[in-house]
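Colleague: Next up, target.txt (compact mmCIF, C-alpha atoms).
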# COMPACT_ATOMS: atom_id res chain seq x y z
CA MET A 180 0.87 -20.91 8.05
CA GLN A 181 4.54 -20.71 9.08
CA ALA A 182 6.77 -18.06 7.55
CA SER A 183 9.07 -20.71 6.04
CA THR A 184 6.11 -22.39 4.31
CA VAL A 185 4.93 -19.06 2.91
CA THR A 186 8.42 -18.31 1.61
CA GLN A 187 8.72 -21.75 0.02
CA LYS A 188 5.37 -21.36 -1.70
CA TYR A 189 6.35 -17.90 -2.93
CA GLU A 190 9.65 -19.19 -4.34
CA PHE A 191 7.93 -22.14 -5.99
CA ASN A 192 5.37 -19.86 -7.63
CA LYS A 193 8.20 -17.66 -8.95
CA LEU A 194 9.97 -20.72 -10.33
CA GLN A 195 6.83 -22.04 -12.01
CA LYS A 196 6.03 -18.66 -13.54
CA ARG A 197 9.59 -18.35 -14.83
CA LEU A 198 9.45 -21.76 -16.50
CA ARG A 199 6.03 -20.99 -17.98
CA ARG A 200 7.28 -17.67 -19.32
CA GLN A 201 10.39 -19.22 -20.84
CA VAL A 202 8.47 -22.06 -22.46
CA GLY A 203 5.84 -19.63 -23.71
CA ASN A 204 8.49 -17.35 -25.18
CA ALA A 205 10.22 -20.26 -26.92
CA ILE A 206 6.91 -21.40 -28.40
CA ILE A 207 6.19 -17.90 -29.71
CA ASP A 208 9.72 -17.16 -30.92
CA TYR A 209 9.97 -20.33 -32.98
CA GLY A 210 6.33 -20.86 -33.90
CA MET A 211 6.31 -24.23 -32.18
CA ILE A 212 2.58 -24.75 -31.66
CA HIS A 213 -0.32 -23.59 -33.83
CA GLU A 214 -4.10 -23.82 -33.83
CA GLY A 215 -5.26 -27.44 -34.04
CA ASP A 216 -1.84 -29.01 -33.43
CA LYS A 217 -1.66 -32.45 -31.88
CA VAL A 218 1.54 -32.39 -29.81
CA MET A 219 3.10 -35.75 -28.95
CA VAL A 220 4.99 -35.19 -25.69
CA CYS A 221 7.80 -37.74 -25.41
CA LEU A 222 7.89 -38.80 -21.78
CA SER A 223 10.94 -40.73 -20.57
CA GLY A 224 10.25 -40.63 -16.86
CA GLY A 225 13.05 -38.14 -16.22
CA LYS A 226 12.85 -34.66 -14.70
CA ASP A 227 12.99 -32.86 -18.04
CA SER A 228 10.11 -34.61 -19.77
CA TYR A 229 7.90 -34.50 -16.66
CA THR A 230 8.51 -30.76 -16.41
CA MET A 231 7.84 -30.25 -20.11
CA LEU A 232 4.50 -32.06 -19.87
CA GLU A 233 3.45 -30.17 -16.74
CA ILE A 234 4.30 -26.74 -18.16
CA LEU A 235 2.63 -27.50 -21.51
CA MET A 236 -0.50 -28.59 -19.64
CA ASN A 237 -0.46 -25.31 -17.70
CA LEU A 238 -0.04 -23.26 -20.87
CA GLN A 239 -2.69 -25.25 -22.70
CA ARG A 240 -5.36 -24.05 -20.28
CA ASN A 241 -4.72 -20.38 -21.08
CA ALA A 242 -3.26 -20.50 -24.58
CA PRO A 243 -4.78 -18.27 -27.30
CA VAL A 244 -4.79 -21.30 -29.62
CA ASP A 245 -6.42 -24.68 -29.18
CA PHE A 246 -4.06 -27.65 -29.27
CA GLU A 247 -4.04 -31.25 -28.07
CA LEU A 248 -1.47 -33.00 -25.90
CA VAL A 249 -0.77 -36.73 -25.91
CA ALA A 250 1.99 -38.24 -23.80
CA VAL A 251 3.98 -41.14 -25.24
CA ASN A 252 6.48 -43.28 -23.40
CA LEU A 253 8.80 -45.66 -25.22
CA ASP A 254 9.24 -48.79 -23.10
CA GLN A 255 12.63 -50.03 -24.34
CA LYS A 256 12.41 -53.20 -22.24
CA GLN A 257 15.28 -52.37 -19.96
CA PRO A 258 15.61 -54.93 -17.17
CA GLY A 259 13.94 -53.74 -14.01
CA PHE A 260 12.03 -50.91 -15.72
CA PRO A 261 9.02 -50.10 -13.49
CA GLU A 262 6.29 -50.35 -16.13
CA HIS A 263 3.51 -49.29 -13.75
CA VAL A 264 4.91 -45.87 -12.79
CA LEU A 265 4.09 -43.79 -15.87
CA PRO A 266 0.63 -45.24 -16.59
CA GLU A 267 -0.40 -44.67 -12.99
CA TYR A 268 0.95 -41.12 -12.94
CA LEU A 269 -0.57 -40.14 -16.29
CA ALA A 270 -3.94 -41.70 -15.47
CA ALA A 271 -4.02 -39.82 -12.16
CA ARG A 272 -3.24 -36.55 -13.99
CA GLY A 273 -5.94 -37.22 -16.57
CA VAL A 274 -3.47 -37.17 -19.46
CA ASN A 275 -4.16 -38.93 -22.74
CA TYR A 276 -1.21 -41.31 -23.19
CA HIS A 277 0.27 -44.30 -25.01
CA ILE A 278 2.96 -46.75 -23.92
CA LEU A 279 4.94 -47.84 -26.97
CA GLU A 280 6.74 -51.14 -26.41
CA ARG A 281 9.92 -51.70 -28.45
CA ASP A 282 12.77 -53.94 -27.35
CA THR A 283 15.54 -51.56 -28.38
CA TYR A 284 17.51 -52.46 -25.26
CA SER A 285 18.43 -55.91 -26.60
CA VAL A 286 19.44 -54.44 -29.96
CA VAL A 287 21.66 -51.81 -28.33
CA LYS A 288 23.38 -54.30 -26.03
CA GLU A 289 23.93 -56.72 -28.93
CA LYS A 290 25.28 -54.16 -31.40
CA THR A 291 27.41 -52.02 -29.07
CA PRO A 292 31.00 -53.27 -28.60
CA GLU A 293 32.22 -53.85 -25.06
CA GLY A 294 33.42 -50.62 -23.47
CA LYS A 295 31.68 -48.35 -25.99
CA THR A 296 28.86 -46.00 -25.05
CA THR A 297 25.35 -46.94 -26.11
CA CYS A 298 23.97 -43.42 -26.51
CA ALA A 299 24.29 -42.97 -30.29
CA LEU A 300 22.56 -46.21 -31.29
CA CYS A 301 20.01 -45.98 -28.49
CA SER A 302 19.11 -42.45 -29.55
CA ARG A 303 18.67 -43.42 -33.21
CA LEU A 304 16.46 -46.39 -32.39
CA ARG A 305 14.40 -44.40 -29.90
CA ARG A 306 13.99 -41.50 -32.31
CA GLY A 307 12.96 -43.78 -35.16
CA SER A 308 10.35 -45.54 -33.03
CA LEU A 309 8.87 -42.29 -31.73
CA TYR A 310 8.81 -40.58 -35.13
CA GLY A 311 7.05 -43.55 -36.67
CA PHE A 312 4.48 -43.65 -33.88
CA ALA A 313 3.84 -39.91 -34.24
CA GLU A 314 2.70 -40.59 -37.80
CA GLU A 315 0.46 -43.43 -36.65
CA ILE A 316 -1.46 -41.26 -34.17
CA GLY A 317 -1.55 -38.20 -36.43
CA ALA A 318 0.67 -36.00 -34.26
CA THR A 319 1.65 -32.75 -35.98
CA LYS A 320 4.47 -31.96 -33.55
CA VAL A 321 6.88 -34.13 -31.55
CA ALA A 322 7.98 -32.45 -28.30
CA LEU A 323 11.32 -33.41 -26.75
CA GLY A 324 12.51 -32.33 -23.30
CA HIS A 325 15.94 -30.90 -24.14
CA HIS A 326 16.83 -27.77 -22.15
CA ARG A 327 19.37 -24.95 -22.47
CA GLU A 328 22.32 -26.95 -21.13
CA ASP A 329 21.53 -29.87 -23.46
CA ILE A 330 21.76 -27.49 -26.38
CA LEU A 331 25.07 -26.03 -25.23
CA GLU A 332 26.55 -29.45 -24.43
CA THR A 333 25.66 -30.66 -27.92
CA LEU A 334 27.27 -27.56 -29.42
CA PHE A 335 30.59 -28.32 -27.72
CA LEU A 336 30.39 -32.07 -28.39
CA ASN A 337 30.02 -31.36 -32.11
CA MET A 338 32.88 -28.85 -32.04
CA PHE A 339 35.25 -31.04 -30.01
CA PHE A 340 34.50 -34.43 -31.55
CA GLY A 341 32.53 -33.85 -34.76
CA GLY A 342 34.30 -30.91 -36.34
CA SER A 343 31.03 -29.08 -36.93
CA LEU A 344 29.36 -26.00 -35.52
CA LYS A 345 25.86 -27.26 -34.80
CA SER A 346 23.61 -28.07 -31.89
CA MET A 347 19.95 -28.88 -31.15
CA PRO A 348 17.63 -26.29 -32.73
CA PRO A 349 14.46 -25.41 -30.80
CA LYS A 350 12.45 -26.51 -33.85
CA LEU A 351 13.41 -28.72 -36.78
CA LEU A 352 12.08 -30.80 -39.64
CA SER A 353 13.16 -34.44 -39.42
CA ASP A 354 15.51 -35.75 -42.10
CA ASP A 355 12.71 -37.63 -43.86
CA GLY A 356 10.52 -34.52 -43.85
CA LYS A 357 7.69 -36.26 -42.02
CA ASN A 358 7.93 -34.83 -38.50
CA ILE A 359 8.38 -31.41 -36.95
CA VAL A 360 10.29 -31.68 -33.68
CA ILE A 361 10.02 -28.97 -31.02
CA ARG A 362 11.99 -28.38 -27.82
CA PRO A 363 9.79 -26.19 -25.58
CA LEU A 364 12.37 -26.17 -22.75
CA ALA A 365 15.07 -24.61 -24.97
CA TYR A 366 15.20 -21.42 -22.87
CA CYS A 367 15.05 -23.19 -19.48
CA ARG A 368 17.97 -23.74 -17.09
CA GLU A 369 18.57 -27.31 -15.98
CA ALA A 370 18.85 -26.18 -12.36
CA ASP A 371 15.36 -24.65 -12.50
CA ILE A 372 13.96 -27.83 -14.03
CA ALA A 373 15.63 -29.97 -11.35
CA GLU A 374 14.22 -27.81 -8.56
CA PHE A 375 10.75 -27.77 -10.11
CA SER A 376 10.86 -31.55 -10.48
CA ARG A 377 11.94 -31.94 -6.86
CA GLN A 378 9.15 -29.76 -5.53
CA MET A 379 6.56 -31.43 -7.76
CA ALA A 380 7.79 -34.83 -6.50
CA PHE A 381 7.63 -36.41 -9.93
CA PRO A 382 8.06 -40.22 -9.86
CA ILE A 383 11.48 -40.21 -11.55
CA ILE A 384 12.55 -43.33 -13.42
CA PRO A 385 16.36 -43.53 -13.79
CA CYS A 386 17.87 -44.65 -17.09
CA ASN A 387 20.13 -47.62 -16.37
CA LEU A 388 21.19 -47.98 -19.99
CA CYS A 389 23.06 -44.73 -20.57
CA GLY A 390 23.16 -42.59 -17.47
CA SER A 391 25.50 -44.88 -15.57
CA GLN A 392 28.11 -45.32 -18.31
CA PRO A 393 31.66 -44.24 -17.37
CA ASN A 394 33.70 -41.78 -19.41
CA MET A 395 30.76 -40.33 -21.31
CA GLN A 396 31.97 -37.30 -23.26
CA ARG A 397 28.67 -35.51 -22.66
CA GLN A 398 29.23 -35.79 -18.92
CA VAL A 399 32.73 -34.36 -19.31
CA VAL A 400 31.35 -31.39 -21.26
CA LYS A 401 28.53 -30.95 -18.72
CA GLU A 402 31.06 -30.71 -15.91
CA MET A 403 33.16 -28.24 -17.93
CA LEU A 404 30.17 -25.95 -18.49
CA ALA A 405 29.11 -26.21 -14.86
CA GLU A 406 32.60 -25.18 -13.75
CA TRP A 407 32.55 -22.20 -16.12
CA GLU A 408 29.21 -21.09 -14.72
CA ILE A 409 30.51 -21.29 -11.15
CA LYS A 410 33.62 -19.25 -11.97
CA HIS A 411 31.82 -16.83 -14.26
CA PRO A 412 28.08 -16.60 -13.39
CA GLY A 413 25.97 -15.81 -16.42
CA ARG A 414 28.39 -17.32 -18.92
CA LEU A 415 25.97 -20.04 -20.03
CA GLU A 416 23.27 -17.46 -20.67
CA THR A 417 25.68 -15.47 -22.83
CA MET A 418 26.76 -18.62 -24.66
CA PHE A 419 23.16 -19.59 -25.38
CA LYS A 420 22.49 -16.09 -26.68
CA ALA A 421 25.39 -16.63 -29.09
CA VAL A 422 23.64 -19.71 -30.49
CA THR A 423 20.68 -17.49 -31.38
CA ASN A 424 22.83 -14.67 -32.76
CA VAL A 425 24.95 -16.13 -35.57
CA ALA A 426 26.99 -13.97 -37.97
CA PRO A 427 27.71 -16.19 -41.02
CA SER A 428 30.15 -13.70 -42.54
CA GLN A 429 32.30 -13.94 -39.41
CA LEU A 430 32.72 -17.71 -39.65
CA ALA A 431 34.31 -19.77 -42.43
CA ASP A 432 31.58 -21.93 -43.96
CA ARG A 433 31.72 -21.40 -47.75
CA ASN A 434 28.27 -22.96 -48.14
CA LEU A 435 26.78 -20.54 -45.63
CA PHE A 436 28.35 -17.34 -46.90
CA ASP A 437 29.50 -16.23 -50.38
CA PHE A 438 33.14 -15.39 -49.72
CA GLU A 439 33.98 -15.84 -53.42
CA GLY A 440 31.50 -13.14 -54.37
CA LEU A 441 32.87 -10.42 -52.07
CA GLU A 442 34.82 -8.69 -54.86
CA ALA A 443 31.70 -8.40 -57.01
CA LYS A 444 29.78 -7.09 -54.00
CA GLN A 445 32.54 -4.56 -53.40
CA ARG A 446 32.41 -3.34 -57.01
CA GLN A 447 28.64 -2.98 -56.86
CA ARG A 448 28.83 -0.90 -53.69
CA GLN A 449 31.57 1.27 -55.14
CA GLU A 450 29.49 1.95 -58.26
CA THR A 451 26.48 3.06 -56.24
CA ARG A 452 28.45 4.96 -53.60
CA ILE A 453 27.93 8.71 -53.38
CA ASP A 454 31.26 10.43 -52.83
CA ALA A 455 30.77 13.45 -50.56
CA PHE A 456 33.84 15.23 -51.95
CA ASP A 457 32.67 14.83 -55.55
CA LEU A 458 29.23 16.13 -54.55
CA LEU A 459 30.73 19.25 -52.94
CA ALA A 460 32.93 19.83 -55.99
CA ARG A 461 29.93 19.70 -58.31
CA GLU A 462 27.96 22.14 -56.15
CA ALA A 463 30.90 24.57 -56.18
Please render this file's structure as C-alpha cells.
Modeller:
Amino acid sequence: MQASTVTQKYEFNKLQKRLRRQVGNAIIDYGMIHEGDKVMVCLSGGKDSYTMLEILMNLQRNAPVDFELVAVNLDQKQPGFPEHVLPEYLAARGVNYHILERDTYSVVKEKTPEGKTTCALCSRLRRGSLYGFAEEIGATKVALGHHREDILETLFLNMFFGGSLKSMPPKLLSDDGKNIVIRPLAYCREADIAEFSRQMAFPIIPCNLCGSQPNMQRQVVKEMLAEWEIKHPGRLETMFKAVTNVAPSQLADRNLFDFEGLEAKQRQRQETRIDAFDLLAREA
C-alpha cells in the first residue's frame, strides 16, 4: 500500500471518529435517544442528512441502548428529481426506509410571489408533512441534519431580520407537542461533514428549489461567518459555545429574567448577610 493511501485512510479514520464522538456527545448532552426509541431520520439527499444517517448507523451498532432507525425521504415532486437514487442507495445499505410523496413543489411555486425566496413556505410544508408521517409510523424522535454552522446562521438571521435571540436547539418539542425533534450533528463542523461526504461518495441530490435562489439572506450570513473564521480561526467554535452558555441576567428579556424583583432580592440578601465588622465588634 502506498504511503499516500495509508495517510488518506488514517485521516479519514480520524475524521470519522471525530464525527462519531461529536454526535455521541450531542446525543448524551441533550438526551436525544433513549432505550426503545424509533428514530425517523429525515433524508433529503444532501451531504448533511447522508452523514447523519451513516454516523447514527455506526453508533447504533455499539450504543448502550437499543434503538431503531428508519430513513424517510420527502419527494416534493420537483421537476427532474431523480426518484431512483435514494431507494437504490438505502436498499443497498440495508436501511429500513419510506419515500413520502407530497407535491409541495407546486404549492410553493404557486404561493410564492415572483422574486421572493421559497424557503420559508417550503420549510413549513416539508416540516408539516414529515411530522405527520412520524406519527403515522410511530416514530418517537425526528432527526434533522442541521449542523453547527446551520445553528449559528439561524442565530444571526433571527437577530438581523427577526429581532429575536434564538436559533435551532439540538432538541425541541414541536409546537403541537406531538414530536420531539433532534439534531445529532449540532456539534459538527460543516467542513468535516463535506469532507466525510466526499470521501464516502454519497449520491448527492441537489435541491433546485431553494439552493439556487439569488440574494438568499442565509447565504449572505454563511459567507459572513466563513470570512470571520478565515480571519479569526476558532471564532465559530467560540460563538457556538456562547449559544450553550447563556446568562439571562446579562440580557434584556423581561420574561426570561425578573429585573423588577431585583430590589426585593437585594433586601433579602442584605437581611441575611453577615457583616464581618459587626461580628468582630460583638466578639470584642
Colleague: Excluding A:Met236 and residues on its chain fewer than 4 positions from it, collect all residues at most 10 Å away from it, counting all atoms listed in the file, and give them as a list in words.
Modeller: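 So, after excluding close chain neighbours, the residues are Thr230, Met231, Leu232, Arg240, Asn241, Ala242, Glu247, Leu248 and Val274 of chain A.
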Colleague: Any idea what the distance is between atom CA of A:Asn252 and atom CA of A:Tyr268?
Modeller: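 Atom-to-atom, atom CA of A:Asn252 and atom CA of A:Tyr268 are spaced 12.0 Å apart.
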Colleague: List the spatial neighbours of A:Leu352 as a list in words - criterion: any atom at most 12 Å away, only C-alpha atoms, same-chain residues fewer than 3 positions off excluded.
Modeller: Met211, Tyr310, Thr319, Lys320, Val321, Met347, Pro348, Pro349, Asp355, Gly356, Lys357, Asn358, Ile359, Val360 and Ile361 of chain A
Colleague: Given the choices A:Ile212, A:Ala380, A:Leu336, A:Leu253, which gets closest to A:Ala318 if the distance is worked out from all atoms listed in the file?
Modeller: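 For A:Ala318, the nearest of the candidates is A:Ile212.
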Colleague: For stretch 363-370 of chain A, list every protein, DNA or RNA residue within 7 Å, evaluated using only C-alpha atoms, and leave out those in the same chain fewer than 4 positions away; present the list as JSON, numbers by chain.
Modeller: {"A": [198, 201, 202, 205, 206, 231, 324, 325, 326, 327, 328, 349, 374]}
Colleague: Quick check, in Å to one decimal: how far apart do atom CA of A:Thr186 and atom CA of A:Ala373 lie?
Modeller: 18.9 Å
Colleague: Rank nothing, just name the residue among A:Ser346, A:Gln195, A:Ser302, A:Glu402 nearest to A:Ala421, using all atoms listed in the file.
Modeller: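 Closest to A:Ala421, using all atoms listed in the file: A:Ser346.
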